[in-house]
$ cat my_file_4.cif   # mmCIF, C-alpha atoms (C1' of nucleotides)
data_start
#
loop_
_atom_site.label_atom_id
_atom_site.label_comp_id
_atom_site.auth_asym_id
_atom_site.auth_seq_id
_atom_site.Cartn_x
_atom_site.Cartn_y
_atom_site.Cartn_z
CA MET C 240 44.10 69.20 92.12
CA LYS C 241 47.73 69.96 92.60
CA PHE C 242 49.59 68.78 95.67
CA LEU C 243 52.69 70.23 97.16
CA ASP C 244 56.05 68.75 98.03
CA ILE C 245 57.49 69.82 101.33
CA GLY C 246 60.06 71.89 99.49
CA GLU C 247 57.42 73.90 97.68
CA VAL C 248 55.56 74.53 100.90
CA ALA C 249 58.83 75.66 102.39
CA THR C 250 59.67 78.14 99.66
CA GLU C 251 56.13 79.51 99.55
CA THR C 252 55.87 80.03 103.29
CA GLY C 253 59.45 80.63 104.28
CA VAL C 254 59.21 77.84 106.84
CA LYS C 255 61.95 75.24 106.58
CA PRO C 256 61.21 71.62 105.76
CA SER C 257 62.58 70.53 109.11
CA ALA C 258 60.12 72.82 110.85
CA LEU C 259 57.27 71.57 108.69
CA ARG C 260 58.09 67.98 109.56
CA TYR C 261 58.14 69.01 113.17
CA TYR C 262 54.71 70.63 112.81
CA GLU C 263 53.38 67.45 111.32
CA GLU C 264 54.96 65.40 114.06
CA ILE C 265 53.11 67.37 116.71
CA GLY C 266 49.93 67.24 114.68
CA LEU C 267 49.73 70.89 113.79
CA ILE C 268 49.48 70.25 110.09
CA GLU C 269 49.11 67.08 108.09
CA SER C 270 50.11 65.73 104.74
CA LEU C 271 47.42 63.97 102.76
CA PHE C 272 49.45 61.02 101.50
CA ARG C 273 52.88 60.01 100.32
CA HIS C 274 54.28 59.94 96.84
CA GLY C 275 56.97 57.37 97.36
CA LEU C 276 58.37 58.61 100.63
CA ARG C 277 57.49 62.21 99.97
CA ARG C 278 54.76 63.97 101.83
CA GLN C 279 52.11 65.59 99.67
CA PHE C 280 50.40 68.63 101.08
CA SER C 281 47.13 70.24 100.13
CA PRO C 282 47.51 73.89 99.08
CA ASP C 283 45.31 74.76 102.06
CA VAL C 284 48.29 74.06 104.23
CA LEU C 285 49.76 77.37 103.09
CA LEU C 286 46.92 79.23 104.74
CA GLN C 287 47.27 77.16 107.88
CA ILE C 288 50.94 77.91 108.07
CA LYS C 289 50.25 81.60 107.69
CA LEU C 290 48.04 81.35 110.75
CA ILE C 291 50.69 79.45 112.62
CA THR C 292 53.35 82.05 111.96
CA MET C 293 50.97 84.84 112.89
CA GLY C 294 50.16 83.06 116.11
CA GLN C 295 53.83 82.73 116.85
CA ALA C 296 54.36 86.40 116.20
CA ALA C 297 51.66 87.00 118.77
CA GLY C 298 53.68 85.02 121.25
CA PHE C 299 51.50 81.96 121.40
CA SER C 300 53.02 78.52 121.74
CA LEU C 301 52.41 75.92 119.08
CA GLU C 302 50.23 74.14 121.59
CA GLU C 303 47.98 77.16 121.99
CA ILE C 304 47.86 77.70 118.26
CA ALA C 305 46.76 74.12 117.80
CA GLY C 306 43.94 74.83 120.22
CA MET C 307 42.85 77.92 118.30
CA PHE C 308 42.71 76.57 114.80
CA GLY C 309 42.61 72.89 115.42
CA ARG C 310 45.02 70.03 115.01
CA ASN C 311 42.53 68.55 112.65
CA GLY C 312 41.67 71.77 110.88
CA ARG C 313 39.08 73.05 113.35
CA PRO C 314 39.45 74.50 116.82
CA ASP C 315 39.12 72.32 119.89
CA LEU C 316 38.48 75.32 122.06
CA PRO C 317 35.01 76.60 122.95
CA ARG C 318 33.79 79.92 121.65
CA ASP C 319 34.32 81.91 124.80
CA VAL C 320 37.89 80.74 125.18
CA LEU C 321 38.60 81.86 121.64
CA HIS C 322 37.06 85.23 122.37
CA ARG C 323 39.26 85.53 125.42
CA LYS C 324 42.29 84.74 123.29
CA ALA C 325 41.22 87.50 120.93
CA ASP C 326 40.92 89.87 123.88
CA GLU C 327 44.39 88.82 124.96
CA ILE C 328 45.66 89.74 121.54
CA ASP C 329 43.89 93.08 121.61
CA GLU C 330 45.52 93.86 124.92
CA LYS C 331 48.86 92.91 123.47
CA ILE C 332 48.19 95.22 120.54
CA ARG C 333 47.65 98.04 122.99
CA GLN C 334 50.91 97.31 124.77
CA LEU C 335 52.77 97.15 121.51
CA GLY C 336 51.40 100.56 120.65
CA VAL C 337 52.93 101.92 123.82
CA LEU C 338 56.19 100.17 123.09
CA SER C 339 56.31 101.59 119.60
CA ASP C 340 55.61 105.10 120.86
CA THR C 341 58.22 104.72 123.55
CA LEU C 342 60.78 103.51 121.09
CA ARG C 343 60.24 106.44 118.77
CA HIS C 344 60.43 108.75 121.70
CA VAL C 345 63.69 107.22 122.84
CA ALA C 346 65.06 107.58 119.34
CA ASP C 347 64.35 111.30 119.21
CA CYS C 348 64.66 112.40 122.80
CA LYS C 349 67.71 114.44 123.64
CA ALA C 350 67.65 113.97 127.41
CA PRO C 351 70.75 112.36 128.93
CA SER C 352 68.82 109.57 130.60
CA HIS C 353 65.32 108.30 129.91
CA MET C 354 64.65 107.86 133.54
CA GLU C 355 64.81 111.59 134.03
CA CYS C 356 62.48 112.32 131.15
CA PRO C 357 58.87 112.83 132.23
CA THR C 358 57.52 111.98 128.79
CA PHE C 359 59.31 108.68 128.88
CA ARG C 360 58.02 107.85 132.31
CA ARG C 361 54.49 108.78 131.39
CA LEU C 362 54.69 106.53 128.36
CA VAL C 363 55.90 103.53 130.22
CA GLU C 364 53.50 104.00 133.08
CA LEU C 365 50.72 104.16 130.55
CA SER C 366 51.42 100.60 129.63
CA GLY C 367 49.73 99.39 132.76
CA LYS C 368 46.54 101.33 132.17
CA ARG C 369 43.53 100.03 130.30
CA GLY C 370 41.95 101.60 127.26
CA ARG C 371 43.26 103.03 124.06
CA VAL C 372 45.91 105.66 124.61
CA ARG C 373 48.44 106.62 122.02
CA LEU C 374 50.60 109.67 121.98
CA LYS C 375 49.91 112.48 119.62
CA ARG C 376 52.73 112.28 117.13
CA LYS C 377 55.48 114.70 116.41
CA ARG C 378 55.41 117.26 119.12
CA PRO C 379 58.92 118.63 118.56
CA ALA C 380 61.02 117.63 121.56
CA ALA C 381 62.10 120.46 123.84
CA ALA C 382 65.53 120.36 125.46
CA GLY C 383 65.59 118.62 128.82
CA ASP C 384 62.45 116.81 127.86
CA SER C 385 63.61 113.43 126.72
CA MET N 286 65.49 107.44 149.02
CA LYS N 287 64.12 103.98 149.40
CA PHE N 288 65.82 101.02 147.80
CA LEU N 289 64.25 97.72 146.89
CA ASP N 290 65.12 94.17 147.77
CA ILE N 291 64.94 91.70 144.96
CA GLY N 292 61.84 90.22 146.52
CA GLU N 293 60.01 93.53 146.42
CA VAL N 294 60.96 94.06 142.82
CA ALA N 295 59.68 90.59 142.12
CA THR N 296 56.30 91.10 143.73
CA GLU N 297 55.83 94.51 142.14
CA THR N 298 56.71 93.38 138.65
CA GLY N 299 55.67 89.76 138.67
CA VAL N 300 59.14 88.76 137.51
CA LYS N 301 60.77 86.07 139.64
CA PRO N 302 63.97 86.75 141.58
CA SER N 303 65.79 84.11 139.58
CA ALA N 304 64.89 85.92 136.38
CA LEU N 305 65.94 89.25 137.85
CA ARG N 306 69.31 87.83 138.83
CA TYR N 307 69.62 86.52 135.32
CA TYR N 308 68.81 89.95 133.90
CA GLU N 309 71.49 91.46 136.05
CA GLU N 310 73.94 88.80 135.02
CA ILE N 311 73.49 89.67 131.36
CA GLY N 312 73.65 93.36 132.15
CA LEU N 313 70.05 94.20 131.38
CA ILE N 314 69.42 95.76 134.76
CA GLU N 315 71.69 96.59 137.64
CA SER N 316 71.53 96.80 141.37
CA LEU N 317 73.08 99.86 142.95
CA PHE N 318 74.87 98.20 145.84
CA ARG N 319 74.58 95.39 148.35
CA HIS N 320 73.16 95.42 151.82
CA GLY N 321 75.07 92.49 153.22
CA LEU N 322 74.68 90.10 150.34
CA ARG N 323 71.39 91.50 149.20
CA ARG N 324 71.04 93.45 146.02
CA GLN N 325 69.49 96.86 146.40
CA PHE N 326 67.60 98.21 143.44
CA SER N 327 66.56 101.71 142.58
CA PRO N 328 62.80 102.11 142.14
CA ASP N 329 63.56 103.07 138.55
CA VAL N 330 64.23 99.45 137.88
CA LEU N 331 60.49 98.83 137.98
CA LEU N 332 60.05 100.98 134.92
CA GLN N 333 62.93 99.29 133.18
CA ILE N 334 61.43 95.90 133.86
CA LYS N 335 58.10 97.02 132.48
CA LEU N 336 59.89 97.87 129.27
CA ILE N 337 61.64 94.54 129.25
CA THR N 338 58.43 92.58 129.61
CA MET N 339 56.76 94.71 126.95
CA GLY N 340 59.64 94.04 124.63
CA GLN N 341 59.37 90.36 125.28
CA ALA N 342 55.66 90.45 124.56
CA ALA N 343 56.58 92.01 121.24
CA GLY N 344 58.79 89.03 120.55
CA PHE N 345 62.14 90.71 120.94
CA SER N 346 65.04 88.87 122.50
CA LEU N 347 66.66 90.19 125.65
CA GLU N 348 69.64 91.06 123.50
CA GLU N 349 67.54 93.26 121.25
CA ILE N 350 65.81 94.84 124.19
CA ALA N 351 69.17 95.70 125.67
CA GLY N 352 69.97 97.45 122.42
CA MET N 353 66.77 99.46 122.49
CA PHE N 354 66.86 100.80 125.98
CA GLY N 355 70.45 100.33 126.88
CA ARG N 356 72.36 98.02 129.13
CA ASN N 357 73.51 101.08 130.93
CA GLY N 358 70.18 102.83 130.90
CA ARG N 359 70.42 104.36 127.44
CA PRO N 360 70.16 102.85 123.98
CA ASP N 361 73.25 101.77 122.08
CA LEU N 362 71.36 101.78 118.82
CA PRO N 363 71.27 104.71 116.41
CA ARG N 364 68.08 106.64 115.85
CA ASP N 365 67.16 105.12 112.53
CA VAL N 366 67.55 101.58 113.80
CA LEU N 367 65.19 102.40 116.63
CA HIS N 368 62.71 103.84 114.19
CA ARG N 369 62.93 100.68 112.16
CA LYS N 370 62.26 98.65 115.27
CA ALA N 371 59.20 100.78 115.86
CA ASP N 372 58.07 100.15 112.32
CA GLU N 373 58.57 96.45 112.90
CA ILE N 374 56.32 96.68 115.90
CA ASP N 375 53.69 98.58 113.96
CA GLU N 376 53.67 95.90 111.33
CA LYS N 377 53.29 93.28 114.03
CA ILE N 378 50.38 95.25 115.43
CA ARG N 379 48.71 95.07 112.06
CA GLN N 380 49.20 91.32 111.88
CA LEU N 381 47.87 90.86 115.36
CA GLY N 382 44.77 92.76 114.31
CA VAL N 383 44.17 90.25 111.57
CA LEU N 384 44.80 87.38 113.95
CA SER N 385 42.37 88.76 116.46
CA ASP N 386 39.69 89.24 113.81
CA THR N 387 40.30 85.77 112.48
CA LEU N 388 40.03 84.26 115.91
CA ARG N 389 36.72 85.96 116.62
CA HIS N 390 35.48 84.85 113.28
CA VAL N 391 36.50 81.28 113.95
CA ALA N 392 34.74 81.43 117.28
CA ASP N 393 31.44 82.49 115.76
CA CYS N 394 31.48 80.90 112.35
CA LYS N 395 29.18 77.97 111.86
CA ALA N 396 30.81 76.51 108.77
CA PRO N 397 32.07 72.95 109.12
CA SER N 398 35.60 73.77 108.10
CA HIS N 399 37.38 77.12 108.04
CA MET N 400 39.10 76.25 104.87
CA GLU N 401 35.79 76.26 103.06
CA CYS N 402 34.75 79.60 104.46
CA PRO N 403 35.46 82.53 102.15
CA THR N 404 35.44 85.03 104.96
CA PHE N 405 38.09 83.06 106.75
CA ARG N 406 40.24 82.80 103.68
CA ARG N 407 39.91 86.48 102.95
CA LEU N 408 40.96 87.28 106.49
CA VAL N 409 44.04 85.17 106.43
CA GLU N 410 45.08 86.28 102.99
CA LEU N 411 44.75 89.83 104.19
CA SER N 412 47.59 89.25 106.58
CA GLY N 413 50.08 89.48 103.78
CA LYS N 414 48.81 92.80 102.51
CA ARG N 415 50.09 96.14 103.62
CA GLY N 416 48.05 98.93 105.12
CA ARG N 417 45.41 99.14 107.79
CA VAL N 418 42.59 96.71 107.22
CA ARG N 419 40.31 95.48 109.93
CA LEU N 420 36.98 93.82 109.52
CA LYS N 421 33.81 95.67 110.34
CA ARG N 422 32.62 94.10 113.55
CA LYS N 423 29.49 92.11 114.22
CA ARG N 424 27.98 91.38 110.90
CA PRO N 425 25.71 88.52 112.01
CA ALA N 426 27.06 85.32 110.49
CA ALA N 427 24.96 83.73 107.80
CA ALA N 428 24.76 79.98 107.53
CA GLY N 429 27.33 78.50 105.18
CA ASP N 430 29.44 81.54 105.69
CA SER N 431 31.97 80.57 108.27
"C1'" DC Y 176 70.39 51.62 83.66
"C1'" DT Y 177 72.36 54.97 86.19
"C1'" DA Y 178 72.96 59.03 88.34
"C1'" DC Y 179 70.97 62.97 90.50
"C1'" DG Y 180 68.47 65.53 93.54
"C1'" DA Y 181 65.03 65.90 96.59
"C1'" DA Y 182 63.06 63.79 99.78
"C1'" DT Y 183 63.05 60.37 104.07
"C1'" DT Y 184 64.05 58.70 109.34
"C1'" DC Y 185 66.14 58.98 113.70
"C1'" DA Y 186 68.92 60.46 117.28
"C1'" DA Y 187 71.41 64.00 118.92
"C1'" DG Y 188 72.45 68.75 119.39
"C1'" DC Y 189 71.45 73.71 120.13
"C1'" DC Y 190 69.83 78.20 121.88
"C1'" DA Y 191 67.45 81.37 124.79
"C1'" DA Y 192 65.67 82.16 128.95
"C1'" DC Y 193 65.07 80.71 132.83
"C1'" DT Y 194 64.39 77.34 137.09
"C1'" DT Y 195 65.96 74.30 140.58
"C1'" DG Y 196 68.69 72.65 144.32
"C1'" DA Y 197 72.27 72.31 147.52
"C1'" DG Y 198 74.76 74.61 150.62
"C1'" DG Y 199 76.02 79.14 152.58
"C1'" DT Y 200 75.47 84.18 154.52
"C1'" DC Y 201 73.49 87.75 156.82
"C1'" DA Y 202 70.67 91.28 159.72
"C1'" DA Y 203 66.80 92.06 162.43
"C1'" DG Y 204 63.77 90.70 166.06
"C1'" DC Y 205 63.17 88.34 170.17
"C1'" DG L 143 73.21 85.34 171.20
"C1'" DC L 144 70.15 82.65 168.56
"C1'" DT L 145 66.77 81.83 165.30
"C1'" DT L 146 64.40 82.94 161.26
"C1'" DG L 147 63.64 84.11 156.71
"C1'" DA L 148 65.11 86.37 152.94
"C1'" DC L 149 68.64 86.52 150.39
"C1'" DC L 150 73.17 84.66 148.18
"C1'" DT L 151 76.28 81.61 144.55
"C1'" DC L 152 77.13 78.16 141.34
"C1'" DA L 153 76.35 74.29 138.56
"C1'" DA L 154 73.19 71.65 136.43
"C1'" DG L 155 68.67 70.85 134.52
"C1'" DT L 156 64.44 72.12 131.74
"C1'" DT L 157 61.39 73.56 127.93
"C1'" DG L 158 60.09 74.82 123.39
"C1'" DG L 159 61.11 74.89 118.91
"C1'" DC L 160 63.58 73.72 115.99
"C1'" DT L 161 68.39 72.25 113.24
"C1'" DT L 162 71.93 69.10 111.94
"C1'" DG L 163 73.97 64.95 110.26
"C1'" DA L 164 74.40 60.39 108.79
"C1'" DA L 165 72.60 56.88 106.40
"C1'" DT L 166 68.83 55.69 103.15
"C1'" DT L 167 65.00 55.64 99.55
"C1'" DC L 168 62.74 57.26 95.74
"C1'" DG L 169 61.23 59.17 91.00
"C1'" DT L 170 62.68 61.30 86.95
"C1'" DA L 171 65.84 62.79 83.22
"C1'" DG L 172 69.41 61.50 80.27
#
$ encode --input "my_file_4.cif" --output "structure tokens"
Amino acid sequence: MKFLDIGEVATETGVKPSALRYYEEIGLIESLFRHGLRRQFSPDVLLQIKLITMGQAAGFSLEEIAGMFGRNGRPDLPRDVLHRKADEIDEKIRQLGVLSDTLRHVADCKAPSHMECPTFRRLVELSGKRGRVRLKRKRPAAAGDS
Amino acid sequence: MKFLDIGEVATETGVKPSALRYYEEIGLIESLFRHGLRRQFSPDVLLQIKLITMGQAAGFSLEEIAGMFGRNGRPDLPRDVLHRKADEIDEKIRQLGVLSDTLRHVADCKAPSHMECPTFRRLVELSGKRGRVRLKRKRPAAAGDS
DNA sequence: CTACGAATTCAAGCCAACTTGAGGTCAAGC
DNA sequence: GCTTGACCTCAAGTTGGCTTGAATTCGTAG
């Protein structure tokens, strides 16, 4: 089996060595042993780091991420908590959908101010509602309708 | 027309007064005038704040958010940049889908370590790929398949 | 054997986004 | 006219997640 230097892990994942050391310090990942002073990582760490960066993209703290996938490689959280996290993410996905729609609308809308545009307002107000709702795409914008 | 005290804005949006003052300080929102010392906000600010919190959930900085929806109430970014932001968000949505699936899998999988579970590995590796890919739900987990 | 480059530790620094605290102001109700 | 409570300002502090820098240690190639 081949082990990885911190530099290789860094180039493969795009996460800087300093960050990786920090992750190890807080117990989020671990190196298997040292070669001289150098940490040697299992290739599996690449997968773990992918999860970590995804979790960060989702807005979770490193602490929460550790809970989800385990400091030791397996989650310390019970099943139902994990399911609730997943639900949280799904809700975030919904909100992001609204944000994306809103952004595209803003890009294309000709109205002088968004606040006066009913489409805009509908979109944003939608963000509070539950359930899947995305705009039908590409209705050509009419003047005065931003 | 009815104007809002900072406290009302806070309770309606769930954003603390201190944060709202900070937003005003950096020009992200504005109060219309003062009543004595007190800031008076237009009800429209509630919508704006909803956008701000959505943007934050998406992982954008306040700076970026200001660019999207405008410090002044309208975006300072050109159309194509906004569209690219929307694309960014869509990509993030895809990644969150993978994360959510992975999390549910982790919750239900009986394998001793995720790293040994092929389903898990497939899921995570999927996150790099382009295009819509979500797992079919609720295939009952077999033993040894985590 | 020596030099090189890639790693190491440790403390300190940095940034965004707020929060906290002390001390002050104001308007509405009694 | 006084109290009350919600607001105000301003400076300083906090948290998370790293980054930076100085001084040092290795292993390998020449």
$ interface_residues --input "my_file_4.cif" --of "chain C" --to "chain Y" --cutoff "12 Å" --atoms "all atoms listed in the file" --output "ChimeraX atom specification"
/C:244-247,256-257,260,273-279
$ resolve_selection --input "my_file_4.cif" --expression "the PyMOL selection byres ((chain L) within 8 of (chain C))" --output "PyMOL selection string"
chain L and resi 160-161+167-169
$ interface_residues --input "my_file_4.cif" --of "chain N" --to "chain C" --cutoff "9 Å" --atoms "all atoms listed in the file" --output "JSON, numbers by chain"
{"N": [329, 332, 333, 335, 336, 339, 340, 341, 342, 343, 344, 353, 354, 358, 359, 360, 362, 363, 364, 365, 366, 367, 368, 370, 371, 372, 373, 374, 375, 377, 378, 379, 380, 381, 382, 383, 384, 385, 386, 387, 388, 389, 391, 392, 393, 397, 398, 399, 400, 406, 409, 410, 412, 413]}
$ atom_distance --input "my_file_4.cif" --atom1 "atom CA of C:Ser270" --atom2 "atom C1' of L:DG159"
20.1 Å
$ atom_distance --input "my_file_4.cif" --atom1 "atom CA of C:Leu285" --atom2 "atom CA of C:Glu251"
7.6 Å
$ atom_distance --input "my_file_4.cif" --atom1 "atom CA of C:Leu271" --atom2 "atom C1' of L:DG163"
27.6 Å
$ axis_aligned_box --input "my_file_4.cif" --around "stretch 180-198 of chain Y" --padding-each-side "5 Å" --output "AutoDock Vina command-line options"
--center_x 68.9 --center_y 70.4 --center_z 122.1 --size_x 21.7 --size_y 33.5 --size_z 67.1
